[in-house]
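Student: Just one file: data.csv, with CSV, C-alpha atoms and all ligand atoms.
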chain,number,residue,atom,x,y,z
A,1,MET,CA,-51.8,-64.6,35.2
A,2,ASP,CA,-55.1,-62.7,35.2
A,3,LEU,CA,-56.1,-60.5,38.0
A,4,GLN,CA,-59.7,-61.1,39.0
A,5,ILE,CA,-61.6,-58.3,40.7
A,6,LEU,CA,-64.4,-59.3,43.1
A,7,PRO,CA,-67.1,-57.0,44.3
A,8,ILE,CA,-67.2,-55.8,47.9
A,9,THR,CA,-70.4,-56.7,49.6
A,10,GLU,CA,-70.3,-54.6,52.8
A,11,PRO,CA,-68.3,-51.4,52.3
A,12,LYS,CA,-67.1,-49.8,55.5
A,13,PRO,CA,-67.9,-46.2,56.3
A,14,PRO,CA,-65.2,-43.7,55.1
A,15,ILE,CA,-62.6,-42.4,57.5
A,16,LYS,CA,-64.2,-40.0,60.0
A,17,ASP,CA,-61.3,-38.1,61.5
A,18,GLU,CA,-58.0,-38.5,59.6
A,19,ASN,CA,-56.0,-37.4,62.6
A,20,GLU,CA,-57.5,-40.1,64.8
A,21,LEU,CA,-56.2,-43.0,62.7
A,22,VAL,CA,-54.0,-45.3,64.7
A,23,PHE,CA,-51.1,-46.7,62.8
A,24,GLY,CA,-51.8,-50.3,61.7
A,25,LYS,CA,-55.3,-50.6,63.2
A,26,GLN,CA,-57.7,-49.6,60.4
A,27,PHE,CA,-57.8,-51.4,57.0
A,28,THR,CA,-59.5,-50.6,53.7
A,29,ASP,CA,-62.3,-52.6,52.1
A,30,ARG,CA,-60.2,-54.7,49.7
A,31,MET,CA,-57.0,-56.8,49.7
A,32,LEU,CA,-54.9,-58.3,46.9
A,33,VAL,CA,-54.4,-62.1,47.3
A,34,MET,CA,-52.6,-64.7,45.2
A,35,GLU,CA,-51.7,-68.3,45.9
A,36,TYR,CA,-48.8,-70.5,45.1
A,37,ASP,CA,-48.5,-74.2,44.7
A,38,ARG,CA,-45.2,-76.0,43.9
A,39,ASP,CA,-46.8,-77.6,40.8
A,40,LYS,CA,-48.9,-74.7,39.5
A,41,GLY,CA,-46.7,-71.7,40.5
A,42,TRP,CA,-48.6,-68.5,41.4
A,43,HIS,CA,-52.3,-68.6,40.6
A,44,SER,CA,-55.7,-67.2,41.5
A,45,ALA,CA,-54.6,-63.6,41.8
A,46,ARG,CA,-57.5,-61.5,42.9
A,47,ILE,CA,-58.6,-58.4,44.6
A,48,GLU,CA,-61.3,-59.4,47.1
A,49,PRO,CA,-63.1,-58.0,50.1
A,50,TYR,CA,-60.8,-57.5,53.1
A,51,GLY,CA,-61.4,-60.2,55.7
A,52,PRO,CA,-60.0,-63.0,57.9
A,53,LEU,CA,-58.0,-65.8,56.3
A,54,THR,CA,-58.8,-69.5,56.6
A,55,LEU,CA,-55.6,-71.4,57.6
A,56,ASP,CA,-55.1,-75.0,58.6
A,57,PRO,CA,-53.8,-75.1,62.2
A,58,ALA,CA,-50.8,-77.0,60.8
A,59,ALA,CA,-50.0,-74.3,58.3
A,60,MET,CA,-46.2,-74.2,58.4
A,61,VAL,CA,-46.0,-70.4,59.0
A,62,LEU,CA,-47.6,-70.9,62.4
A,63,HIS,CA,-44.9,-73.4,63.5
A,64,TYR,CA,-41.7,-72.5,61.7
A,65,SER,CA,-42.2,-68.8,60.8
A,66,GLN,CA,-41.7,-69.0,57.1
A,67,GLU,CA,-42.9,-65.4,56.5
A,68,ILE,CA,-41.8,-62.2,54.8
A,69,PHE,CA,-43.3,-58.7,54.5
A,70,GLU,CA,-42.8,-55.2,53.2
A,71,GLY,CA,-43.9,-51.7,54.1
A,72,LEU,CA,-44.3,-48.8,51.7
A,73,LYS,CA,-46.5,-45.8,51.4
A,74,ALA,CA,-48.8,-43.9,49.0
A,75,PHE,CA,-49.3,-40.2,49.4
A,76,ARG,CA,-52.2,-37.9,48.4
A,77,ARG,CA,-51.0,-34.9,46.4
A,78,PRO,CA,-52.6,-31.4,46.6
A,79,ASP,CA,-54.2,-32.0,43.1
A,80,GLY,CA,-55.8,-35.1,44.4
A,81,SER,CA,-53.5,-37.6,42.6
A,82,ILE,CA,-51.8,-40.4,44.5
A,83,ALA,CA,-48.0,-41.0,44.5
A,84,MET,CA,-46.0,-44.0,45.6
A,85,PHE,CA,-42.4,-43.8,46.8
A,86,ARG,CA,-40.0,-46.2,45.1
A,87,PRO,CA,-42.4,-49.1,45.1
A,88,ALA,CA,-40.3,-51.2,42.6
A,89,ASP,CA,-37.5,-51.2,45.2
A,90,ASN,CA,-39.9,-52.7,47.8
A,91,VAL,CA,-41.0,-55.4,45.4
A,92,ALA,CA,-37.4,-56.2,44.6
A,93,ARG,CA,-36.5,-56.4,48.3
A,94,PHE,CA,-39.6,-58.6,48.8
A,95,ASN,CA,-38.1,-61.1,46.4
A,96,ARG,CA,-34.7,-60.9,48.0
A,97,SER,CA,-36.3,-61.7,51.4
A,98,ALA,CA,-38.2,-64.6,49.7
A,99,GLU,CA,-35.0,-66.1,48.4
A,100,ARG,CA,-33.4,-66.0,51.8
A,101,MET,CA,-36.4,-67.6,53.4
A,102,CYS,CA,-36.7,-70.3,50.6
A,103,MET,CA,-40.0,-68.9,49.4
A,104,PRO,CA,-41.1,-68.5,45.8
A,105,GLU,CA,-40.4,-65.1,44.2
A,106,VAL,CA,-43.2,-63.1,42.6
A,107,ASP,CA,-43.3,-61.6,39.1
A,108,GLU,CA,-42.2,-58.1,40.0
A,109,LYS,CA,-44.1,-56.3,37.2
A,110,PHE,CA,-47.3,-58.3,37.8
A,111,PHE,CA,-47.1,-57.8,41.5
A,112,LEU,CA,-46.5,-54.0,41.3
A,113,ASP,CA,-49.2,-53.5,38.7
A,114,ALA,CA,-51.7,-55.5,40.9
A,115,MET,CA,-50.7,-53.4,43.9
A,116,LEU,CA,-51.3,-50.2,41.9
A,117,LYS,CA,-54.7,-51.5,40.8
A,118,LEU,CA,-55.6,-52.2,44.4
A,119,ILE,CA,-54.7,-48.7,45.4
A,120,GLU,CA,-56.6,-47.3,42.5
A,121,LEU,CA,-59.7,-49.2,43.6
A,122,GLU,CA,-59.2,-48.0,47.2
A,123,SER,CA,-58.2,-44.5,46.3
A,124,ASP,CA,-61.0,-43.0,48.5
A,125,TRP,CA,-59.1,-44.4,51.5
A,126,VAL,CA,-55.9,-42.4,50.9
A,127,PRO,CA,-56.3,-39.6,53.4
A,128,HIS,CA,-56.0,-35.9,52.5
A,129,SER,CA,-54.7,-34.1,55.6
A,130,ALA,CA,-51.1,-33.0,55.9
A,131,GLY,CA,-48.7,-35.7,56.8
A,132,THR,CA,-51.2,-38.6,56.3
A,133,SER,CA,-50.6,-41.5,53.9
A,134,LEU,CA,-51.7,-44.9,53.0
A,135,TYR,CA,-49.5,-47.6,54.4
A,136,ILE,CA,-49.1,-50.7,52.2
A,137,ARG,CA,-48.2,-54.1,53.7
A,138,PRO,CA,-47.3,-56.9,51.2
A,139,THR,CA,-47.0,-60.2,53.1
A,140,MET,CA,-46.2,-63.8,52.2
A,141,ILE,CA,-46.8,-66.9,54.4
A,142,ALA,CA,-46.2,-70.6,54.1
A,143,THR,CA,-49.7,-72.2,54.2
A,144,GLU,CA,-49.0,-75.9,53.5
A,145,PRO,CA,-50.4,-78.0,56.4
A,146,MET,CA,-47.5,-80.1,57.5
A,147,LEU,CA,-45.5,-80.5,60.7
A,148,GLY,CA,-41.9,-80.8,59.5
A,149,VAL,CA,-39.0,-78.4,58.9
A,150,ARG,CA,-38.5,-77.8,55.2
A,151,PRO,CA,-39.6,-75.1,52.8
A,152,ALA,CA,-43.4,-75.4,52.3
A,153,ASP,CA,-45.0,-76.3,48.9
A,154,GLN,CA,-47.9,-73.8,49.3
A,155,TYR,CA,-47.9,-70.1,50.0
A,156,LEU,CA,-50.3,-67.2,50.2
A,157,CYS,CA,-49.2,-63.7,49.2
A,158,TYR,CA,-51.4,-60.8,50.1
A,159,VAL,CA,-51.4,-57.0,50.3
A,160,ILE,CA,-53.4,-55.0,52.8
A,161,LEU,CA,-53.8,-51.2,53.0
A,162,CYS,CA,-53.9,-49.0,56.1
A,163,PRO,CA,-54.7,-45.3,56.1
A,164,VAL,CA,-52.4,-43.6,58.6
A,165,SER,CA,-52.4,-40.2,60.3
A,166,ALA,CA,-49.3,-38.0,60.4
A,167,TYR,CA,-46.6,-39.8,62.4
A,168,TYR,CA,-45.5,-36.6,64.1
A,169,LYS,CA,-48.7,-35.0,65.3
A,170,GLY,CA,-47.0,-32.2,67.3
A,171,GLY,CA,-44.1,-31.7,64.8
A,172,ILE,CA,-41.0,-33.9,64.5
A,173,ALA,CA,-39.7,-34.9,67.9
A,174,PRO,CA,-36.5,-36.6,69.1
A,175,VAL,CA,-36.6,-40.1,70.6
A,176,LYS,CA,-34.6,-41.7,73.5
A,177,ILE,CA,-32.6,-44.7,72.5
A,178,TRP,CA,-31.6,-47.6,74.6
A,179,ILE,CA,-28.4,-49.4,73.5
A,180,SER,CA,-28.8,-53.1,74.2
A,181,ASP,CA,-25.5,-54.5,75.7
A,182,TYR,CA,-26.8,-58.0,75.8
A,183,TYR,CA,-29.6,-58.9,73.3
A,184,VAL,CA,-28.8,-58.9,69.6
A,185,ARG,CA,-31.1,-58.7,66.6
A,186,ALA,CA,-29.0,-60.4,63.9
A,187,THR,CA,-25.8,-62.3,63.5
A,188,GLN,CA,-23.5,-62.8,60.5
A,189,GLY,CA,-25.1,-65.6,58.5
A,190,GLY,CA,-28.5,-65.1,60.1
A,191,THR,CA,-31.7,-63.5,58.7
A,192,GLY,CA,-31.0,-59.9,59.5
A,193,GLU,CA,-31.1,-58.6,56.0
A,194,ALA,CA,-34.4,-60.3,55.2
A,195,LYS,CA,-37.7,-58.6,56.2
A,196,THR,CA,-39.1,-61.6,58.1
A,197,GLY,CA,-41.3,-61.7,61.1
A,198,GLY,CA,-39.0,-63.8,63.2
A,199,ASN,CA,-36.4,-61.0,63.4
A,200,TYR,CA,-39.1,-58.9,65.1
A,201,ALA,CA,-40.3,-61.6,67.5
A,202,ALA,CA,-36.7,-62.0,68.6
A,203,SER,CA,-36.5,-58.2,69.3
A,204,LEU,CA,-39.5,-57.9,71.6
A,205,TYR,CA,-37.7,-58.8,74.8
A,206,ALA,CA,-35.1,-56.1,74.5
A,207,ALA,CA,-37.7,-53.6,73.5
A,208,LYS,CA,-39.6,-54.4,76.6
A,209,GLU,CA,-36.5,-53.8,78.7
A,210,ALA,CA,-36.0,-50.5,77.0
A,211,ALA,CA,-39.6,-49.4,77.6
A,212,GLU,CA,-39.3,-50.4,81.3
A,213,ASN,CA,-36.4,-48.1,81.6
A,214,GLY,CA,-38.2,-45.2,79.9
A,215,TYR,CA,-36.7,-45.5,76.4
A,216,ASP,CA,-38.5,-45.5,73.1
A,217,GLN,CA,-36.4,-47.7,70.9
A,218,VAL,CA,-33.5,-50.3,71.1
A,219,LEU,CA,-30.3,-49.7,69.3
A,220,TRP,CA,-28.7,-53.0,68.3
A,221,LEU,CA,-25.0,-53.7,68.3
A,222,ASP,CA,-23.1,-56.3,66.3
A,223,ALA,CA,-23.5,-59.8,67.8
A,224,LYS,CA,-19.8,-60.6,67.8
A,225,GLU,CA,-18.2,-57.8,69.8
A,226,LYS,CA,-21.3,-55.9,71.0
A,227,ARG,CA,-19.5,-52.8,70.1
A,228,PHE,CA,-20.6,-51.5,66.7
A,229,VAL,CA,-23.9,-50.0,65.8
A,230,GLU,CA,-26.1,-51.9,63.5
A,231,GLU,CA,-29.7,-50.5,63.5
A,232,VAL,CA,-32.6,-49.3,65.6
A,233,GLY,CA,-35.9,-51.2,65.8
A,234,SER,CA,-37.3,-51.0,62.3
A,235,MET,CA,-35.0,-48.2,61.2
A,236,ASN,CA,-31.5,-47.8,59.9
A,237,MET,CA,-29.2,-45.4,61.9
A,238,LEU,CA,-27.3,-42.5,60.4
A,239,PHE,CA,-24.9,-40.2,62.2
A,240,LEU,CA,-23.4,-36.8,61.5
A,241,TYR,CA,-20.0,-37.5,62.9
A,242,ASP,CA,-16.9,-35.2,62.3
A,243,GLY,CA,-19.0,-33.5,59.6
A,244,LYS,CA,-19.5,-36.7,57.7
A,245,ILE,CA,-22.5,-39.0,57.4
A,246,VAL,CA,-21.7,-42.4,59.0
A,247,THR,CA,-24.0,-45.4,58.7
A,248,SER,CA,-23.5,-49.2,59.0
A,249,PRO,CA,-22.5,-51.0,55.9
A,250,LEU,CA,-24.9,-53.6,54.4
A,251,LYS,CA,-23.0,-56.8,55.2
A,252,GLY,CA,-25.8,-59.2,55.9
A,253,THR,CA,-27.0,-58.2,59.4
A,254,VAL,CA,-28.5,-54.8,58.5
A,255,LEU,CA,-31.7,-54.3,56.5
A,256,ASP,CA,-31.2,-52.5,53.2
A,257,GLY,CA,-33.6,-49.7,53.9
A,258,ILE,CA,-35.1,-47.7,51.0
A,259,THR,CA,-35.3,-44.5,53.2
A,260,ARG,CA,-31.6,-45.0,54.1
A,261,ARG,CA,-30.7,-45.4,50.4
A,262,SER,CA,-32.7,-42.2,49.5
A,263,VAL,CA,-31.2,-40.2,52.4
A,264,LEU,CA,-27.6,-41.2,51.3
A,265,THR,CA,-28.4,-39.9,47.8
A,266,LEU,CA,-29.6,-36.6,49.2
A,267,VAL,CA,-26.7,-36.0,51.6
A,268,LYS,CA,-24.2,-36.8,48.8
A,269,GLU,CA,-25.9,-34.2,46.7
A,270,MET,CA,-25.7,-31.7,49.5
A,271,GLY,CA,-22.0,-32.2,49.5
A,272,TYR,CA,-21.6,-34.5,52.5
A,273,GLU,CA,-19.0,-37.3,52.5
A,274,VAL,CA,-20.6,-40.6,53.3
A,275,GLU,CA,-18.7,-43.3,55.3
A,276,GLU,CA,-20.4,-46.7,55.3
A,277,ARG,CA,-18.7,-48.1,58.4
A,278,ALA,CA,-20.0,-49.2,61.8
A,279,LEU,CA,-19.8,-46.5,64.4
A,280,SER,CA,-18.8,-47.8,67.8
A,281,VAL,CA,-20.6,-47.2,71.1
A,282,ASP,CA,-17.5,-45.4,72.4
A,283,GLU,CA,-17.7,-43.0,69.4
A,284,ILE,CA,-21.3,-42.3,70.4
A,285,LEU,CA,-20.7,-41.7,74.1
A,286,GLU,CA,-17.5,-39.7,73.6
A,287,GLY,CA,-18.8,-38.0,70.5
A,288,ALA,CA,-21.9,-36.7,72.2
A,289,THR,CA,-19.8,-35.3,75.0
A,290,ASN,CA,-17.0,-33.7,72.9
A,291,GLY,CA,-19.3,-32.6,70.1
A,292,ARG,CA,-17.8,-34.7,67.3
A,293,LEU,CA,-21.2,-36.5,67.1
A,294,GLU,CA,-23.5,-33.6,66.2
A,295,GLU,CA,-26.7,-35.4,65.0
A,296,ALA,CA,-28.2,-38.9,64.9
A,297,PHE,CA,-31.4,-40.1,63.2
A,298,GLY,CA,-33.2,-43.3,62.2
A,299,THR,CA,-34.7,-43.8,58.8
A,300,GLY,CA,-37.7,-46.0,57.8
A,301,THR,CA,-40.8,-45.8,55.8
A,302,ALA,CA,-43.2,-45.4,58.8
A,303,VAL,CA,-41.4,-42.5,60.4
A,304,VAL,CA,-39.4,-41.2,57.4
A,305,ILE,CA,-36.8,-39.7,59.7
A,306,SER,CA,-36.7,-40.0,63.5
A,307,PRO,CA,-34.2,-37.7,65.3
A,308,VAL,CA,-32.4,-39.1,68.4
A,309,GLY,CA,-32.3,-36.9,71.5
A,310,SER,CA,-30.3,-39.1,73.8
A,311,PHE,CA,-28.6,-42.5,74.1
A,312,CYS,CA,-28.4,-44.8,77.1
A,313,TYR,CA,-25.7,-47.5,77.4
A,314,LYS,CA,-25.3,-49.5,80.6
A,315,ASP,CA,-25.4,-46.7,83.3
A,316,GLN,CA,-24.4,-43.8,81.0
A,317,THR,CA,-26.8,-41.5,79.4
A,318,VAL,CA,-25.7,-38.9,76.8
A,319,GLN,CA,-27.6,-36.1,75.2
A,320,LEU,CA,-27.0,-35.0,71.6
A,321,GLY,CA,-26.5,-31.3,71.3
A,322,ASP,CA,-29.3,-29.5,73.1
A,323,GLY,CA,-31.6,-32.6,72.8
A,324,ASN,CA,-33.7,-31.1,70.1
A,325,THR,CA,-33.9,-32.2,66.4
A,326,GLY,CA,-30.7,-31.4,64.6
A,327,LYS,CA,-30.5,-29.0,61.7
A,328,LEU,CA,-29.5,-31.5,59.0
A,329,THR,CA,-32.0,-34.1,60.3
A,330,MET,CA,-34.8,-31.5,60.0
A,331,GLU,CA,-33.6,-30.5,56.5
A,332,LEU,CA,-33.6,-34.1,55.3
A,333,TYR,CA,-37.0,-34.8,56.7
A,334,ASN,CA,-38.4,-31.7,55.0
A,335,LYS,CA,-36.7,-32.6,51.7
A,336,LEU,CA,-37.8,-36.2,51.6
A,337,THR,CA,-41.4,-35.5,52.5
A,338,ALA,CA,-41.5,-32.6,50.0
A,339,ILE,CA,-40.6,-35.1,47.2
A,340,GLN,CA,-43.1,-37.6,48.5
A,341,TYR,CA,-46.0,-35.1,48.6
A,342,GLY,CA,-45.0,-33.5,45.3
A,343,GLN,CA,-44.0,-30.1,46.7
A,344,GLU,CA,-40.5,-30.5,45.2
A,345,GLU,CA,-39.1,-32.0,42.0
A,346,ASP,CA,-38.3,-35.7,41.8
A,347,PRO,CA,-35.0,-35.7,39.9
A,348,HIS,CA,-34.3,-39.3,40.8
A,349,ASN,CA,-37.6,-40.8,39.5
A,350,TRP,CA,-38.5,-42.1,43.0
A,351,ILE,CA,-42.2,-41.5,42.4
A,352,THR,CA,-44.7,-43.8,40.7
A,353,MET,CA,-48.1,-42.3,40.2
A,354,VAL,CA,-51.1,-44.5,40.8
B,401,LIG,C1,-38.1,-52.1,57.2
B,401,LIG,C2,-36.9,-51.9,58.0
B,401,LIG,C3,-36.1,-50.8,57.9
B,401,LIG,C4,-36.4,-49.6,57.1
B,401,LIG,O1,-36.5,-49.8,55.7
B,401,LIG,P1,-37.3,-48.8,54.8
B,401,LIG,O2,-37.2,-49.4,53.4
B,401,LIG,O3,-36.5,-47.5,54.9
B,401,LIG,O4,-38.7,-48.7,55.3
B,401,LIG,C5,-34.9,-50.8,58.7
B,401,LIG,N1,-34.6,-51.8,59.5
B,401,LIG,C6,-35.4,-52.9,59.6
B,401,LIG,C7,-35.0,-54.0,60.5
B,401,LIG,C8,-36.6,-53.0,58.9
B,401,LIG,O5,-37.4,-54.1,59.0
Just dump the structure as structure tokens.
Ligand SMILES: *Cc1c(COP(=O)(O)O)cnc(C)c1O

Tutor:
Amino acid sequence: MDLQILPITEPKPPIKDENELVFGKQFTDRMLVMEYDRDKGWHSARIEPYGPLTLDPAAMVLHYSQEIFEGLKAFRRPDGSIAMFRPADNVARFNRSAERMCMPEVDEKFFLDAMLKLIELESDWVPHSAGTSLYIRPTMIATEPMLGVRPADQYLCYVILCPVSAYYKGGIAPVKIWISDYYVRATQGGTGEAKTGGNYAASLYAAKEAAENGYDQVLWLDAKEKRFVEEVGSMNMLFLYDGKIVTSPLKGTVLDGITRRSVLTLVKEMGYEVEERALSVDEILEGATNGRLEEAFGTGTAVVISPVGSFCYKDQTVQLGDGNTGKLTMELYNKLTAIQYGQEEDPHNWITMV
């Protein structure tokens, strides 16, 4: 398949204040688009001006939520070059999500190369200030106009780019976590391990409840016993418990996070033992009180690492340590971001230069 590059007619003004960028609100001038038809396969790949899509009101995505997405970042290096973090892993996961949602897979090499071309064309939009990045959002939707529940015959795949300011403006800061004792995100056999919009739509109600109670994020427990930690919002959860790193295993209900994967590699190198097992709510509540649970943090592309200051479960609130960012959490944040911004070696070949 060829990649067509169309000219932009009305370029937007460049970024004024890089620290004023609101996550997910400002997009660059171009987007990557390709279309799928059951008979033709993927076709009409092009980089075109960013703009609204034309969709039939009967487009199946609007009725039955056949949709998947990804999230990854590109980073500006001190020498002006642009680095992406493990992009091939995101493309591979995009295809795993596609399979789960009965959507067509993309050619991983073509898609990654096209994405790199898009970023190259939009390189002026990759911000320069410390901690900033370009957030990349690949998406696929079912476009066939048809009211009926079955996999669609037509799809649109696109990639949009979003310059973002540093996530932590006043330095890394701990969040307050609400443990949901009623609502669940994913069940065994459900779509929890796919990055699909429906999982997020289903999570909004519990997030609203958490916010009303003054909490930042929801921690999801397993659907069966409502006892074991699965993940938090759009982050995997890791704990420093009894001196070991504990995180939920990937058994169908938890998303296989690329930041999680990277952190597990780093902690093993630092000499920590890793236990992929589900920590229980009791272990959190008791562990925070008796000191066995020293640190807890979420991992995800947007935040990189998000330290947890306190947990609330039913009527009980516990604080972790002194409520500040833990030592290991801070170390991991510094190490991972140093690799991303090129201040440290990349021994694992996680970086792809644009
Ligand atoms: C995207 C996502 C994550 C984090 O994955 P990364 O690859 O580290 O960004 C974790 N949980 C859920 C539910 C997600 O959608």

Student: Using all atoms listed in the file, find the one residue out of A:Leu285, A:Asp256, A:Pro104, A:Val267 that sits nearest to Asp315 (chain A).

Tutor: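 Using all atoms listed in the file, Asp315 (chain A) sits closest to A:Leu285.
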
Student: Val33 (chain A): which residues within 9 Å, counting only C-alpha atoms, same-chain residues fewer than 2 positions away excluded, as a list in words?

Tutor: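 The neighbour list is Met31, Glu35, Ser44, Ala45, Arg46, Ile47, Glu48, Leu156, Cys157, Tyr158 and Val159 of chain A.
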
Student: Please, which residues have at least one atom within 8 Å of an atom of ligand LIG 401 (chain B), using all atoms listed in the file, listed as a PDB file with C-alpha atoms, keeping the file's coordinate frame?

Tutor:
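As written to disk, pocket09.pdb reads:
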ATOM      1  CA  GLU A  70     -42.800 -55.200  53.200  1.00  0.00           C
ATOM      2  CA  GLY A  71     -43.900 -51.700  54.100  1.00  0.00           C
ATOM      3  CA  LEU A  72     -44.300 -48.800  51.700  1.00  0.00           C
ATOM      4  CA  ASN A  90     -39.900 -52.700  47.800  1.00  0.00           C
ATOM      5  CA  GLY A 192     -31.000 -59.900  59.500  1.00  0.00           C
ATOM      6  CA  GLU A 193     -31.100 -58.600  56.000  1.00  0.00           C
ATOM      7  CA  ALA A 194     -34.400 -60.300  55.200  1.00  0.00           C
ATOM      8  CA  LYS A 195     -37.700 -58.600  56.200  1.00  0.00           C
ATOM      9  CA  THR A 196     -39.100 -61.600  58.100  1.00  0.00           C
ATOM     10  CA  ASN A 199     -36.400 -61.000  63.400  1.00  0.00           C
ATOM     11  CA  TYR A 200     -39.100 -58.900  65.100  1.00  0.00           C
ATOM     12  CA  GLU A 231     -29.700 -50.500  63.500  1.00  0.00           C
ATOM     13  CA  VAL A 232     -32.600 -49.300  65.600  1.00  0.00           C
ATOM     14  CA  GLY A 233     -35.900 -51.200  65.800  1.00  0.00           C
ATOM     15  CA  SER A 234     -37.300 -51.000  62.300  1.00  0.00           C
ATOM     16  CA  MET A 235     -35.000 -48.200  61.200  1.00  0.00           C
ATOM     17  CA  ASN A 236     -31.500 -47.800  59.900  1.00  0.00           C
ATOM     18  CA  VAL A 254     -28.500 -54.800  58.500  1.00  0.00           C
ATOM     19  CA  LEU A 255     -31.700 -54.300  56.500  1.00  0.00           C
ATOM     20  CA  ASP A 256     -31.200 -52.500  53.200  1.00  0.00           C
ATOM     21  CA  GLY A 257     -33.600 -49.700  53.900  1.00  0.00           C
ATOM     22  CA  ILE A 258     -35.100 -47.700  51.000  1.00  0.00           C
ATOM     23  CA  THR A 259     -35.300 -44.500  53.200  1.00  0.00           C
ATOM     24  CA  ARG A 260     -31.600 -45.000  54.100  1.00  0.00           C
ATOM     25  CA  ARG A 261     -30.700 -45.400  50.400  1.00  0.00           C
ATOM     26  CA  THR A 299     -34.700 -43.800  58.800  1.00  0.00           C
ATOM     27  CA  GLY A 300     -37.700 -46.000  57.800  1.00  0.00           C
ATOM     28  CA  THR A 301     -40.800 -45.800  55.800  1.00  0.00           C
ATOM     29  CA  ALA A 302     -43.200 -45.400  58.800  1.00  0.00           C
ATOM     30  CA  VAL A 304     -39.400 -41.200  57.400  1.00  0.00           C
TER      31      VAL A 304
END

Student: Point out the residue among A:Asp56, A:Cys162, A:Tyr135, A:Ala83 with the least atom-to-atom distance to Thr28 (chain A), counting only C-alpha atoms.

Tutor: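 Nearest to Thr28 (chain A): A:Cys162.
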
Student: In Å to one decimal, how far is CA of Met330 (chain A) from CA of Ile351 (chain A)?

Tutor: 21.6 Å

Student: Would you work out the distance separating CA of Gly41 (chain A) from CA of Lys109 (chain A), expressed in Å to one decimal?

Tutor: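 CA of Lys109 (chain A) lies at a distance of 16.0 Å from CA of Gly41 (chain A).
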
Student: Fewer than 6 positions away in the same chain doesn't count, so skip those; otherwise give me all residues within 9 Å of Ile160 (chain A), counting all atoms listed in the file, as a list in words.

Tutor: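 Neighbouring residues, sequence-local ones excluded: Phe27, Thr28, Arg30, Met31, Leu32, Tyr50, Tyr135, Ile136, Arg137, Pro138 and Thr139 of chain A.
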
Student: Please provide as a count of residues only all residues within 8 Å of region 173-180 of chain A, with the sequence filter that same-chain residues fewer than 3 positions apart are discarded (counting all atoms listed in the file).

Tutor: 25

Student: Would you list the residues near (-53.8, -47.0, 51.8), meaning any protein, DNA or RNA residue with an atom at most 10 Å from that point in file coordinates, counting only C-alpha atoms, as a list in words?

Tutor: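 Neighbouring residues, ordered by chain and number, come to Gln26, Phe27, Thr28, Leu72, Lys73, Ala74, Phe75, Arg76, Leu118, Ile119, Glu120, Glu122, Ser123, Asp124, Trp125, Val126, Pro127, Thr132, Ser133, Leu134, Tyr135, Ile136, Arg137, Ile160, Leu161, Cys162, Pro163 and Val164 of chain A.
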
Student: If you measure from CA of Val263 (chain A) to CA of Pro249 (chain A), what distance in Å do you get, rounded to one decimal?

Tutor: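 Computing it gives 14.3 Å between the two atoms.
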
Student: Under the rule that all atoms listed in the file are counted, which of A:Ala114, A:Ala223, A:Ala142, A:Cys102 is the nearest residue to Asp181 (chain A)?

Tutor: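 Closest candidate: A:Ala223.
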
Student: Extract, using all atoms listed in the file, all DNA, RNA and protein residues at most 6 Å from region 239-245 of chain A, discarding same-chain residues fewer than 5 positions from it, and format them as a list in words.

Tutor: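 Non-adjacent residues within range: Glu273, Val274, Arg292, Leu293, Glu294, Glu295 and Ala296 of chain A.
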
Student: Using all atoms listed in the file, which residue out of A:Trp42, A:Tyr182, A:Tyr272, A:Tyr167 lies closest to Lys226 (chain A)?

Tutor: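 For Lys226 (chain A), the nearest of the candidates is A:Tyr182.
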
Student: Looking at A:Leu147, A:Met270, A:Ala152, A:Leu238, which one is nearest to Pro57 (chain A), with distances taken over all atoms listed in the file?

Tutor: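 Once distances to Pro57 (chain A) are computed over all atoms listed in the file, the minimum belongs to A:Leu147.
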
Student: I need every residue sitting at most 10 Å from the point (-45.6, -68.7, 59.5) (coordinates as in the file, only C-alpha atoms considered), written as a PyMOL selection string.

Tutor: chain A and resi 58-68+140-144+155+196-198

Student: Could you take the residues named above and write them with C-alpha atoms, as a tab-separated table (two decimals), keeping the file's coordinate frame?

Tutor:
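What landed in out-v9.tsv:
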chain	number	residue	atom	x	y	z
A	58	ALA	CA	-50.80	-77.00	60.80
A	59	ALA	CA	-50.00	-74.30	58.30
A	60	MET	CA	-46.20	-74.20	58.40
A	61	VAL	CA	-46.00	-70.40	59.00
A	62	LEU	CA	-47.60	-70.90	62.40
A	63	HIS	CA	-44.90	-73.40	63.50
A	64	TYR	CA	-41.70	-72.50	61.70
A	65	SER	CA	-42.20	-68.80	60.80
A	66	GLN	CA	-41.70	-69.00	57.10
A	67	GLU	CA	-42.90	-65.40	56.50
A	68	ILE	CA	-41.80	-62.20	54.80
A	140	MET	CA	-46.20	-63.80	52.20
A	141	ILE	CA	-46.80	-66.90	54.40
A	142	ALA	CA	-46.20	-70.60	54.10
A	143	THR	CA	-49.70	-72.20	54.20
A	144	GLU	CA	-49.00	-75.90	53.50
A	155	TYR	CA	-47.90	-70.10	50.00
A	196	THR	CA	-39.10	-61.60	58.10
A	197	GLY	CA	-41.30	-61.70	61.10
A	198	GLY	CA	-39.00	-63.80	63.20
